[in-house]
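Participant: Quick one, final16.cif (mmCIF, C-alpha atoms):
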data_my_file
loop_
_atom_site.group_PDB
_atom_site.id
_atom_site.type_symbol
_atom_site.label_atom_id
_atom_site.label_comp_id
_atom_site.auth_asym_id
_atom_site.auth_seq_id
_atom_site.Cartn_x
_atom_site.Cartn_y
_atom_site.Cartn_z
ATOM 1 C CA MET A 1 0.000 0.000 0.000
ATOM 2 C CA ARG A 2 1.210 3.504 -0.781
ATOM 3 C CA THR A 3 1.690 5.939 2.087
ATOM 4 C CA ILE A 4 -0.609 8.803 3.074
ATOM 5 C CA ILE A 5 0.068 11.939 5.129
ATOM 6 C CA THR A 6 -2.817 14.162 6.184
ATOM 7 C CA LEU A 7 -2.358 17.761 7.329
ATOM 8 C CA ASN A 8 -4.755 19.745 9.533
ATOM 9 C CA MET A 9 -3.629 23.277 10.372
ATOM 10 C CA ASN A 10 -6.629 24.208 12.540
ATOM 11 C CA PRO A 11 -7.728 21.059 14.407
ATOM 12 C CA ALA A 12 -10.319 21.089 17.164
ATOM 13 C CA ILE A 13 -11.998 19.261 19.979
ATOM 14 C CA ASP A 14 -15.650 18.732 19.047
ATOM 15 C CA LYS A 15 -17.849 18.823 22.139
ATOM 16 C CA SER A 16 -21.357 17.460 21.584
ATOM 17 C CA THR A 17 -24.350 17.593 23.894
ATOM 18 C CA THR A 18 -28.146 17.814 23.946
ATOM 19 C CA THR A 19 -30.724 20.159 25.417
ATOM 20 C CA GLU A 20 -34.513 20.137 25.343
ATOM 21 C CA HIS A 21 -34.919 23.645 23.883
ATOM 22 C CA VAL A 22 -32.485 26.261 22.593
ATOM 23 C CA ILE A 23 -33.820 29.523 24.002
ATOM 24 C CA ALA A 24 -32.092 32.919 23.978
ATOM 25 C CA GLU A 25 -31.110 34.530 27.301
ATOM 26 C CA ARG A 26 -31.944 31.426 29.322
ATOM 27 C CA LYS A 27 -29.601 29.073 31.140
ATOM 28 C CA LEU A 28 -29.815 25.855 29.144
ATOM 29 C CA TYR A 29 -29.344 22.568 30.966
ATOM 30 C CA CYS A 30 -27.575 20.021 28.806
ATOM 31 C CA GLY A 31 -27.140 16.276 28.770
ATOM 32 C CA PRO A 32 -23.816 14.433 29.070
ATOM 33 C CA ALA A 33 -21.057 15.774 26.825
ATOM 34 C CA SER A 34 -19.002 13.708 24.402
ATOM 35 C CA TYR A 35 -15.595 14.720 23.077
ATOM 36 C CA GLU A 36 -14.144 13.842 19.681
ATOM 37 C CA PRO A 37 -11.167 14.959 17.592
ATOM 38 C CA GLY A 38 -12.268 17.400 14.890
ATOM 39 C CA GLY A 39 -11.045 19.229 11.812
ATOM 40 C CA GLY A 40 -10.707 18.283 8.149
ATOM 41 C CA GLY A 41 -7.386 16.437 8.091
ATOM 42 C CA VAL A 42 -8.048 14.931 11.516
ATOM 43 C CA ASN A 43 -11.311 13.444 10.304
ATOM 44 C CA VAL A 44 -9.753 12.212 7.063
ATOM 45 C CA SER A 45 -7.174 10.243 9.067
ATOM 46 C CA ARG A 46 -9.866 8.968 11.441
ATOM 47 C CA ALA A 47 -12.048 7.847 8.538
ATOM 48 C CA ILE A 48 -9.091 6.144 6.837
ATOM 49 C CA LYS A 49 -8.545 4.211 10.070
ATOM 50 C CA LYS A 50 -12.225 3.253 10.251
ATOM 51 C CA LEU A 51 -12.011 1.971 6.674
ATOM 52 C CA GLY A 52 -9.072 -0.281 7.546
ATOM 53 C CA GLY A 53 -6.219 1.923 6.341
ATOM 54 C CA GLU A 54 -3.339 3.849 7.868
ATOM 55 C CA SER A 55 -2.058 7.413 7.551
ATOM 56 C CA LEU A 56 0.192 9.861 9.374
ATOM 57 C CA LEU A 57 -1.653 12.909 10.711
ATOM 58 C CA VAL A 58 0.412 16.104 11.035
ATOM 59 C CA TYR A 59 -1.080 18.965 13.036
ATOM 60 C CA PRO A 60 -0.163 21.925 15.280
ATOM 61 C CA ALA A 61 -1.714 21.951 18.753
ATOM 62 C CA GLY A 62 -1.322 23.662 22.098
ATOM 63 C CA GLY A 63 -2.740 24.100 25.591
ATOM 64 C CA MET A 64 -4.890 21.584 27.466
ATOM 65 C CA PRO A 65 -7.236 21.073 24.483
ATOM 66 C CA GLY A 66 -4.158 20.221 22.394
ATOM 67 C CA LYS A 67 -3.123 17.555 24.921
ATOM 68 C CA MET A 68 -6.669 16.216 24.979
ATOM 69 C CA LEU A 69 -6.726 16.059 21.177
ATOM 70 C CA ASN A 70 -3.493 14.068 21.209
ATOM 71 C CA GLU A 71 -4.916 11.643 23.791
ATOM 72 C CA LEU A 72 -8.192 11.173 21.899
ATOM 73 C CA LEU A 73 -6.302 10.392 18.695
ATOM 74 C CA GLU A 74 -4.064 7.947 20.550
ATOM 75 C CA GLN A 75 -7.167 6.165 21.823
ATOM 76 C CA GLU A 76 -8.276 5.697 18.205
ATOM 77 C CA GLY A 77 -4.864 4.388 17.189
ATOM 78 C CA ILE A 78 -4.103 7.263 14.811
ATOM 79 C CA ASP A 79 -0.444 7.601 13.803
ATOM 80 C CA GLN A 80 0.256 11.270 14.479
ATOM 81 C CA LEU A 81 2.872 14.010 14.585
ATOM 82 C CA LEU A 82 1.880 16.808 16.978
ATOM 83 C CA LEU A 83 3.750 20.078 16.453
ATOM 84 C CA SER A 84 3.584 22.187 19.621
ATOM 85 C CA ILE A 85 2.429 25.806 19.382
ATOM 86 C CA LYS A 86 2.049 28.625 21.908
ATOM 87 C CA GLY A 87 -1.660 29.103 21.212
ATOM 88 C CA ILE A 88 -4.548 27.011 22.509
ATOM 89 C CA THR A 89 -6.277 24.502 20.238
ATOM 90 C CA ARG A 90 -9.872 25.476 19.528
ATOM 91 C CA GLU A 91 -12.966 23.739 20.854
ATOM 92 C CA ASN A 92 -16.194 23.526 18.858
ATOM 93 C CA LEU A 93 -19.663 23.032 20.314
ATOM 94 C CA ILE A 94 -22.433 20.930 18.747
ATOM 95 C CA VAL A 95 -25.852 21.033 20.442
ATOM 96 C CA LEU A 96 -28.799 18.835 19.490
ATOM 97 C CA GLU A 97 -32.197 20.337 20.323
ATOM 98 C CA GLU A 98 -34.168 17.277 21.424
ATOM 99 C CA THR A 99 -37.669 18.619 20.789
ATOM 100 C CA THR A 100 -37.032 19.478 17.131
ATOM 101 C CA GLY A 101 -34.036 17.335 16.158
ATOM 102 C CA ARG A 102 -32.244 20.472 14.954
ATOM 103 C CA GLN A 103 -28.479 20.625 15.331
ATOM 104 C CA PHE A 104 -26.675 23.832 16.302
ATOM 105 C CA ARG A 105 -22.959 23.966 15.440
ATOM 106 C CA PHE A 106 -20.637 26.612 16.892
ATOM 107 C CA GLY A 107 -17.199 26.645 15.263
ATOM 108 C CA MET A 108 -14.542 28.589 17.151
ATOM 109 C CA GLN A 109 -11.829 30.626 15.465
ATOM 110 C CA GLY A 110 -8.732 28.868 16.767
ATOM 111 C CA PRO A 111 -5.261 30.104 17.757
ATOM 112 C CA LYS A 112 -2.970 32.431 15.852
ATOM 113 C CA LEU A 113 0.149 30.678 14.612
ATOM 114 C CA GLU A 114 3.527 32.391 14.610
ATOM 115 C CA ARG A 115 5.599 32.323 11.430
ATOM 116 C CA ASP A 116 8.075 29.812 12.824
ATOM 117 C CA GLU A 117 5.180 27.529 13.819
ATOM 118 C CA TRP A 118 3.553 27.252 10.396
ATOM 119 C CA GLU A 119 6.966 27.090 8.718
ATOM 120 C CA HIS A 120 7.760 24.149 10.996
ATOM 121 C CA CYS A 121 4.741 22.328 9.536
ATOM 122 C CA LEU A 122 6.075 22.838 6.022
ATOM 123 C CA LEU A 123 9.546 21.655 7.061
ATOM 124 C CA GLU A 124 8.124 18.437 8.500
ATOM 125 C CA LEU A 125 6.295 17.746 5.243
ATOM 126 C CA SER A 126 9.342 18.427 3.081
ATOM 127 C CA THR A 127 11.579 16.153 5.183
ATOM 128 C CA ALA A 128 9.119 13.317 5.807
ATOM 129 C CA ASN A 129 10.858 9.948 5.658
ATOM 130 C CA PRO A 130 9.600 8.076 3.823
ATOM 131 C CA ALA A 131 8.067 10.707 1.587
ATOM 132 C CA PRO A 132 4.329 10.084 1.198
ATOM 133 C CA ASP A 133 2.725 8.985 -2.040
ATOM 134 C CA TYR A 134 -0.362 11.061 -1.171
ATOM 135 C CA LEU A 135 -0.481 14.287 0.819
ATOM 136 C CA VAL A 136 -3.949 15.430 1.925
ATOM 137 C CA ALA A 137 -4.313 19.002 3.194
ATOM 138 C CA SER A 138 -7.796 19.604 4.544
ATOM 139 C CA GLY A 139 -9.574 22.252 6.585
ATOM 140 C CA SER A 140 -9.491 25.963 7.274
ATOM 141 C CA LEU A 141 -6.301 27.931 7.903
ATOM 142 C CA PRO A 142 -5.862 29.512 11.346
ATOM 143 C CA LEU A 143 -4.947 33.121 11.977
ATOM 144 C CA GLY A 144 -1.368 33.982 11.131
ATOM 145 C CA VAL A 145 -1.090 31.428 8.333
ATOM 146 C CA PRO A 146 -0.812 33.013 4.860
ATOM 147 C CA SER A 147 -3.576 32.342 2.352
ATOM 148 C CA ASP A 148 -1.054 30.766 -0.050
ATOM 149 C CA PHE A 149 -0.103 28.130 2.521
ATOM 150 C CA TYR A 150 -1.724 25.271 0.615
ATOM 151 C CA ALA A 151 0.064 26.446 -2.536
ATOM 152 C CA ARG A 152 3.312 26.014 -0.600
ATOM 153 C CA VAL A 153 2.141 22.538 0.414
ATOM 154 C CA ALA A 154 1.457 21.783 -3.254
ATOM 155 C CA ARG A 155 4.976 22.954 -4.164
ATOM 156 C CA ILE A 156 6.459 20.656 -1.531
ATOM 157 C CA GLY A 157 4.338 17.806 -2.864
ATOM 158 C CA LYS A 158 5.893 18.260 -6.305
ATOM 159 C CA GLU A 159 9.395 18.342 -4.809
ATOM 160 C CA ILE A 160 8.972 15.095 -2.858
ATOM 161 C CA GLY A 161 6.933 13.302 -5.521
ATOM 162 C CA ALA A 162 3.617 13.214 -3.647
ATOM 163 C CA LYS A 163 0.182 13.617 -5.179
ATOM 164 C CA VAL A 164 -1.451 16.517 -3.328
ATOM 165 C CA ILE A 165 -5.156 16.511 -2.482
ATOM 166 C CA ILE A 166 -6.674 19.763 -1.216
ATOM 167 C CA ASP A 167 -10.034 20.002 0.543
ATOM 168 C CA ALA A 168 -10.419 23.680 1.359
ATOM 169 C CA ALA A 169 -12.310 26.754 0.194
ATOM 170 C CA GLY A 170 -11.871 30.408 -0.750
ATOM 171 C CA ASP A 171 -8.472 32.015 -1.253
ATOM 172 C CA ALA A 172 -6.610 29.041 0.236
ATOM 173 C CA LEU A 173 -7.984 26.765 -2.492
ATOM 174 C CA ALA A 174 -7.601 29.365 -5.242
ATOM 175 C CA HIS A 175 -3.894 29.827 -4.459
ATOM 176 C CA ALA A 176 -3.346 26.062 -4.411
ATOM 177 C CA LEU A 177 -4.921 25.754 -7.860
ATOM 178 C CA GLN A 178 -2.557 28.409 -9.180
ATOM 179 C CA GLU A 179 0.320 26.177 -8.100
ATOM 180 C CA GLY A 180 -1.387 23.031 -9.435
ATOM 181 C CA VAL A 181 -2.494 19.980 -7.437
ATOM 182 C CA TYR A 182 -3.596 16.413 -8.088
ATOM 183 C CA LEU A 183 -7.166 16.472 -6.765
ATOM 184 C CA ILE A 184 -9.662 18.835 -5.148
ATOM 185 C CA LYS A 185 -13.087 18.089 -3.646
ATOM 186 C CA PRO A 186 -15.191 21.254 -3.479
ATOM 187 C CA ASN A 187 -18.923 21.273 -2.905
ATOM 188 C CA VAL A 188 -21.102 23.209 -5.346
ATOM 189 C CA ARG A 189 -20.994 26.423 -3.309
ATOM 190 C CA GLU A 190 -17.200 26.303 -3.026
ATOM 191 C CA PHE A 191 -16.876 25.548 -6.739
ATOM 192 C CA ARG A 192 -19.034 28.537 -7.664
ATOM 193 C CA GLU A 193 -16.799 30.752 -5.539
ATOM 194 C CA LEU A 194 -13.894 29.574 -7.689
ATOM 195 C CA ALA A 195 -15.530 29.579 -11.109
ATOM 196 C CA GLY A 196 -18.163 32.306 -10.743
ATOM 197 C CA ASN A 197 -21.499 32.474 -8.962
ATOM 198 C CA ASN A 198 -23.324 32.719 -12.307
ATOM 199 C CA ILE A 199 -22.557 29.031 -12.913
ATOM 200 C CA LYS A 200 -25.673 27.069 -11.961
ATOM 201 C CA GLU A 201 -26.510 24.333 -14.450
ATOM 202 C CA GLU A 202 -24.653 21.024 -14.261
ATOM 203 C CA SER A 203 -23.468 21.482 -17.849
ATOM 204 C CA GLN A 204 -21.912 24.825 -16.871
ATOM 205 C CA ILE A 205 -20.236 23.251 -13.835
ATOM 206 C CA THR A 206 -18.856 20.462 -16.002
ATOM 207 C CA GLU A 207 -17.516 22.874 -18.617
ATOM 208 C CA ALA A 208 -15.828 25.077 -16.003
ATOM 209 C CA ALA A 209 -14.309 22.047 -14.243
ATOM 210 C CA GLN A 210 -12.936 20.685 -17.526
ATOM 211 C CA SER A 211 -11.421 24.083 -18.241
ATOM 212 C CA MET A 212 -9.595 24.052 -14.895
ATOM 213 C CA VAL A 213 -8.277 20.547 -15.546
ATOM 214 C CA ARG A 214 -7.076 21.497 -19.033
ATOM 215 C CA ALA A 215 -5.346 24.559 -17.569
ATOM 216 C CA GLY A 216 -3.325 22.335 -15.249
ATOM 217 C CA GLN A 217 -4.867 23.655 -12.032
ATOM 218 C CA CYS A 218 -5.696 20.110 -10.973
ATOM 219 C CA GLU A 219 -5.711 16.671 -12.541
ATOM 220 C CA VAL A 220 -8.937 15.522 -10.914
ATOM 221 C CA MET A 221 -11.978 17.292 -9.527
ATOM 222 C CA VAL A 222 -14.678 15.620 -7.450
ATOM 223 C CA ILE A 223 -17.496 18.119 -6.937
ATOM 224 C CA SER A 224 -19.828 17.116 -4.135
ATOM 225 C CA LEU A 225 -23.500 17.500 -5.053
ATOM 226 C CA GLY A 226 -24.910 16.506 -1.668
ATOM 227 C CA ALA A 227 -27.660 13.905 -1.875
ATOM 228 C CA ALA A 228 -27.302 13.932 -5.683
ATOM 229 C CA GLY A 229 -23.835 12.373 -5.426
ATOM 230 C CA ALA A 230 -20.768 13.885 -7.066
ATOM 231 C CA LEU A 231 -19.396 15.013 -10.392
ATOM 232 C CA LEU A 232 -16.088 13.366 -11.331
ATOM 233 C CA VAL A 233 -13.996 15.310 -13.834
ATOM 234 C CA SER A 234 -10.523 14.478 -15.169
ATOM 235 C CA GLU A 235 -8.813 14.654 -18.541
ATOM 236 C CA ASP A 236 -10.433 11.363 -19.573
ATOM 237 C CA ILE A 237 -13.547 11.140 -17.387
ATOM 238 C CA VAL A 238 -16.674 13.226 -16.963
ATOM 239 C CA GLU A 239 -19.301 11.423 -14.943
ATOM 240 C CA HIS A 240 -22.137 12.268 -12.570
ATOM 241 C CA ILE A 241 -22.048 9.493 -9.964
ATOM 242 C CA VAL A 242 -25.326 8.980 -8.092
ATOM 243 C CA PRO A 243 -25.107 7.163 -4.739
ATOM 244 C CA PRO A 244 -27.688 4.747 -3.344
ATOM 245 C CA THR A 245 -30.466 6.343 -1.302
ATOM 246 C CA VAL A 246 -29.697 6.100 2.411
ATOM 247 C CA PRO A 247 -31.420 7.291 5.591
ATOM 248 C CA ILE A 248 -29.957 10.627 6.701
ATOM 249 C CA SER A 249 -28.991 10.926 10.343
ATOM 250 C CA SER A 250 -26.303 13.644 10.202
ATOM 251 C CA LYS A 251 -24.329 15.192 7.354
ATOM 252 C CA VAL A 252 -21.371 16.055 9.592
ATOM 253 C CA GLY A 253 -18.177 14.366 8.369
ATOM 254 C CA ALA A 254 -19.550 13.236 5.018
ATOM 255 C CA GLY A 255 -17.060 15.289 3.002
ATOM 256 C CA ASP A 256 -14.086 14.145 5.083
ATOM 257 C CA SER A 257 -15.229 10.528 4.773
ATOM 258 C CA MET A 258 -15.469 10.952 0.995
ATOM 259 C CA VAL A 259 -11.899 12.255 0.798
ATOM 260 C CA ALA A 260 -10.721 9.406 3.030
ATOM 261 C CA GLY A 261 -12.399 6.812 0.830
ATOM 262 C CA ILE A 262 -10.914 8.284 -2.353
ATOM 263 C CA VAL A 263 -7.315 8.565 -1.132
ATOM 264 C CA LEU A 264 -7.358 5.185 0.629
ATOM 265 C CA SER A 265 -8.692 3.485 -2.484
ATOM 266 C CA LEU A 266 -6.065 5.201 -4.653
ATOM 267 C CA SER A 267 -3.340 4.153 -2.219
ATOM 268 C CA ARG A 268 -4.507 0.567 -2.656
ATOM 269 C CA GLY A 269 -3.906 0.816 -6.387
ATOM 270 C CA LYS A 270 -7.485 1.284 -7.543
ATOM 271 C CA GLU A 271 -8.292 3.203 -10.714
ATOM 272 C CA LEU A 272 -9.601 6.743 -10.357
ATOM 273 C CA ARG A 273 -13.232 5.903 -11.102
ATOM 274 C CA GLU A 274 -13.266 3.033 -8.608
ATOM 275 C CA ALA A 275 -11.678 5.301 -6.001
ATOM 276 C CA ALA A 276 -14.326 7.957 -6.598
ATOM 277 C CA LEU A 277 -17.090 5.362 -6.219
ATOM 278 C CA TYR A 278 -15.585 4.141 -2.958
ATOM 279 C CA GLY A 279 -15.238 7.718 -1.703
ATOM 280 C CA ILE A 280 -18.861 8.515 -2.501
ATOM 281 C CA ALA A 281 -19.902 5.302 -0.752
ATOM 282 C CA ALA A 282 -17.930 6.404 2.333
ATOM 283 C CA GLY A 283 -19.549 9.838 2.238
ATOM 284 C CA SER A 284 -23.006 8.248 1.971
ATOM 285 C CA ALA A 285 -22.162 5.914 4.847
ATOM 286 C CA ALA A 286 -21.222 8.919 7.000
ATOM 287 C CA VAL A 287 -24.668 10.553 6.690
ATOM 288 C CA MET A 288 -26.189 7.368 8.105
ATOM 289 C CA THR A 289 -24.354 7.794 11.412
ATOM 290 C CA PRO A 290 -25.540 10.092 14.222
ATOM 291 C CA GLY A 291 -23.914 13.352 15.364
ATOM 292 C CA THR A 292 -20.269 13.784 14.405
ATOM 293 C CA GLU A 293 -19.624 10.075 13.825
ATOM 294 C CA LEU A 294 -17.807 9.287 10.589
ATOM 295 C CA CYS A 295 -18.337 6.471 8.082
ATOM 296 C CA ARG A 296 -18.454 2.845 9.131
ATOM 297 C CA LYS A 297 -16.511 0.297 7.112
ATOM 298 C CA GLU A 298 -19.358 -2.211 6.843
ATOM 299 C CA ASP A 299 -21.780 0.445 5.526
ATOM 300 C CA THR A 300 -19.185 1.754 3.080
ATOM 301 C CA GLU A 301 -18.384 -1.694 1.691
ATOM 302 C CA ARG A 302 -22.066 -2.556 1.313
ATOM 303 C CA LEU A 303 -22.890 0.711 -0.494
ATOM 304 C CA TYR A 304 -19.807 0.403 -2.709
ATOM 305 C CA ALA A 305 -20.763 -3.131 -3.722
ATOM 306 C CA LYS A 306 -24.261 -1.929 -4.542
ATOM 307 C CA MET A 307 -22.895 0.892 -6.712
ATOM 308 C CA ILE A 308 -20.504 -1.437 -8.560
ATOM 309 C CA SER A 309 -23.234 -4.014 -9.217
ATOM 310 C CA SER A 310 -25.591 -1.406 -10.670
ATOM 311 C CA ILE A 311 -23.121 -0.265 -13.305
#
Will you turn the file into structure tokens for me?

Facilitator:
Amino acid sequence: MRTIITLNMNPAIDKSTTTEHVIAERKLYCGPASYEPGGGGVNVSRAIKKLGGESLLVYPAGGMPGKMLNELLEQEGIDQLLLSIKGITRENLIVLEETTGRQFRFGMQGPKLERDEWEHCLLELSTANPAPDYLVASGSLPLGVPSDFYARVARIGKEIGAKVIIDAAGDALAHALQEGVYLIKPNVREFRELAGNNIKEESQITEAAQSMVRAGQCEVMVISLGAAGALLVSEDIVEHIVPPTVPISSKVGAGDSMVAGIVLSLSRGKELREAALYGIAAGSAAVMTPGTELCRKEDTERLYAKMISSI
């Protein structure tokens, strides 16, 4: 199997709880809290583990939440490289309103990284031994980190011979595309931010995605369409892949599970289309699980087999 490194520059502790009603200016009494590692790259590594694979997670962390994050990841058996920072790792809050089933998600800003701290992350990637075959950079950038950071990651990927996968949005993604990467996985909203908000029809999305591929901004694009599946675009493939219908419990972690399924499948030597199918199956499996839980291997394998048999 080929090696995978995941990078998460703004990881978090996700604290989840329940309350009967969410009411302004009232003290709300909550149920027991659960704590999970959070953040794009963190969840990609966790989902890879759940699917039976391995990866090395690289992330900056600090303070007591940073220590807790490290311990939670150790409990899950995640191979990790924690890079200490002066700031305090962020904590997010997810509250389920029991009477309505609505979920309220509060994402905190996170610490500000000093120049030497984010440069240390780049140094660790450039000197990784062995160099990874796939380098996945996923999630938002914290304060202090330049918007071209993922472009620098892409440059390092080229230097060490790794295929770089970026799951980000806004300027961070735009800069990475200017450098050129292997694969990106935007949702429709994120893609429109890149290509223009006037793009609405699927044919327009396809045309714009093909243009980006031809321009060398990326080799592969997997555009998430939510319940409608995903659009796979490469030099040789243009396909709208529709997943099986599944019961929706929570959409949290679906995108990270999709990325995990794609990169794990590629690392196992699967062709691009098969990897995309497996990734979409993993994303569909994630929406079947409650709260912030990621995909389950048995659900992913079952959905993938169903998709393959229907072709």

Participant: Apply the PyMOL selection byres ((chain A and resi 274-286) around 8) to the displayed file and report the matching residues as a PyMOL selection string.

Facilitator: chain A and resi 222+229-230+232+241+243-244+246+250-266+270-273+287-289+293-297+299-301+303-304+307-308

Participant: Enter the distance from CA of Ser234 (chain A) to CA of Lys49 (chain A), in Å, rounded to one decimal.

Facilitator: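 Going from CA of Ser234 (chain A) over to CA of Lys49 (chain A) covers 27.3 Å.
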
Participant: Applying 10 Å and only C-alpha atoms, which residues near Cys30 (chain A) remain after dropping the ones on its own chain fewer than 4 positions away? List them as a list in words.

Facilitator: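 Residues near the query, excluding close chain neighbours: Ser16, Thr17, Thr18, Thr19, Glu20, His21, Val95, Leu96 and Glu97 of chain A.
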
Participant: What separation in Å, quoted to one decimal, exists between CA of Gly41 (chain A) and CA of Ile184 (chain A)?

Facilitator: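 If I compute the distance from CA of Gly41 (chain A) to CA of Ile184 (chain A), I get 13.6 Å.
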
Participant: How far is it from CA of Glu124 (chain A) to CA of Tyr59 (chain A), in Å with one decimal?

Facilitator: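 So the two atoms, CA of Glu124 (chain A) and CA of Tyr59 (chain A), lie 10.3 Å apart.
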
Participant: Using all atoms listed in the file, which of the listed residues (A:Thr6, A:Tyr182, A:Tyr29, A:Leu113) sits closest to Asp79 (chain A)?

Facilitator: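 Looking at the shortest contact to Asp79 (chain A), the residue is A:Thr6.
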
Participant: Can you give me, as a PyMOL selection string, the residues this file yields under the PyMOL selection byres ((chain A and resi 118) around 9)?

Facilitator: chain A and resi 9+60+113-117+119-123+144-145+149

Participant: Keeping C-alpha atoms, export the residues of the selection given above as a compact mmCIF listing (two decimals), in the frame of the given file.

Facilitator:
# COMPACT_ATOMS: atom_id res chain seq x y z
CA MET A 9 -3.63 23.28 10.37
CA PRO A 60 -0.16 21.92 15.28
CA LEU A 113 0.15 30.68 14.61
CA GLU A 114 3.53 32.39 14.61
CA ARG A 115 5.60 32.32 11.43
CA ASP A 116 8.07 29.81 12.82
CA GLU A 117 5.18 27.53 13.82
CA GLU A 119 6.97 27.09 8.72
CA HIS A 120 7.76 24.15 11.00
CA CYS A 121 4.74 22.33 9.54
CA LEU A 122 6.08 22.84 6.02
CA LEU A 123 9.55 21.66 7.06
CA GLY A 144 -1.37 33.98 11.13
CA VAL A 145 -1.09 31.43 8.33
CA PHE A 149 -0.10 28.13 2.52

Participant: What's around Met221 (chain A) at 8 Å? Count all atoms listed in the file, leave out sequence neighbours fewer than 5 positions away in its own chain, and write the answer as a PyMOL selection string.

Facilitator: chain A and resi 183-186+209+213+231-234

Participant: Just so the selection is clear, what residues does the PyMOL selection byres ((chain A and resi 156-163) around 7) cover here, as number ranges by chain?

Facilitator: A: 126, 131-135, 152-155, 164-165, 182

Participant: Got a sec: who's within 7 Å of Gly40 (chain A), counting all atoms listed in the file, leaving out chain neighbours fewer than 5 positions off, as a PDB file with C-alpha atoms, in the frame of the given file?

Facilitator:
ATOM      1  CA  ASN A   8      -4.755  19.745   9.533  1.00  0.00           C
ATOM      2  CA  SER A 138      -7.796  19.604   4.544  1.00  0.00           C
ATOM      3  CA  GLY A 139      -9.574  22.252   6.585  1.00  0.00           C
ATOM      4  CA  ASP A 256     -14.086  14.145   5.083  1.00  0.00           C
TER       5      ASP A 256
END

Participant: Go through A:Val58, A:Val220, A:Ile88, A:Ile4 one by one, measure the shortest atom-to-atom distance of each to Val181 (chain A) using only C-alpha atoms, and give the residue with the smallest value.

Facilitator: A:Val220

Participant: From the list A:Ser84, A:Thr3, A:Ser267, A:Gln210, which residue is nearest Asp236 (chain A) when using all atoms listed in the file?

Facilitator: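 Counting all atoms listed in the file, the residue closest to Asp236 (chain A) is A:Gln210.
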
Participant: Since the input lacks some atoms of region 57-61 of chain A, please model all heavy atoms and print them as a tab-separated table (two decimals), in the coordinates of the input.

Facilitator:
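Written output follows (selection27.tsv):
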chain	number	residue	atom	x	y	z
A	57	LEU	N	-1.00	11.62	10.54
A	57	LEU	CA	-1.65	12.91	10.71
A	57	LEU	C	-0.65	13.91	11.29
A	57	LEU	O	-0.07	13.69	12.34
A	57	LEU	CB	-2.86	12.77	11.65
A	57	LEU	CG	-3.50	14.07	12.14
A	57	LEU	CD1	-4.08	14.87	10.98
A	57	LEU	CD2	-4.56	13.77	13.19
A	58	VAL	N	-0.46	15.02	10.58
A	58	VAL	CA	0.41	16.10	11.04
A	58	VAL	C	-0.46	17.30	11.41
A	58	VAL	O	-1.30	17.72	10.61
A	58	VAL	CB	1.42	16.50	9.93
A	58	VAL	CG1	2.30	17.66	10.40
A	58	VAL	CG2	2.28	15.30	9.54
A	59	TYR	N	-0.25	17.84	12.62
A	59	TYR	CA	-1.08	18.96	13.04
A	59	TYR	C	-0.40	19.76	14.14
A	59	TYR	O	0.32	19.20	14.96
A	59	TYR	CB	-2.45	18.47	13.53
A	59	TYR	CG	-2.39	17.63	14.79
A	59	TYR	CD1	-2.68	18.17	16.04
A	59	TYR	CD2	-2.05	16.27	14.72
A	59	TYR	CE1	-2.63	17.39	17.19
A	59	TYR	CE2	-2.00	15.49	15.87
A	59	TYR	CZ	-2.30	16.05	17.09
A	59	TYR	OH	-2.23	15.28	18.24
A	60	PRO	N	-0.63	21.10	14.17
A	60	PRO	CA	-0.16	21.92	15.28
A	60	PRO	C	-1.21	21.94	16.38
A	60	PRO	O	-2.42	21.96	16.11
A	60	PRO	CB	-0.01	23.30	14.63
A	60	PRO	CG	-1.04	23.32	13.56
A	60	PRO	CD	-1.21	21.90	13.08
A	61	ALA	N	-0.76	21.94	17.64
A	61	ALA	CA	-1.71	21.95	18.75
A	61	ALA	C	-1.04	22.51	20.00
A	61	ALA	O	0.18	22.41	20.16
A	61	ALA	CB	-2.25	20.55	19.03
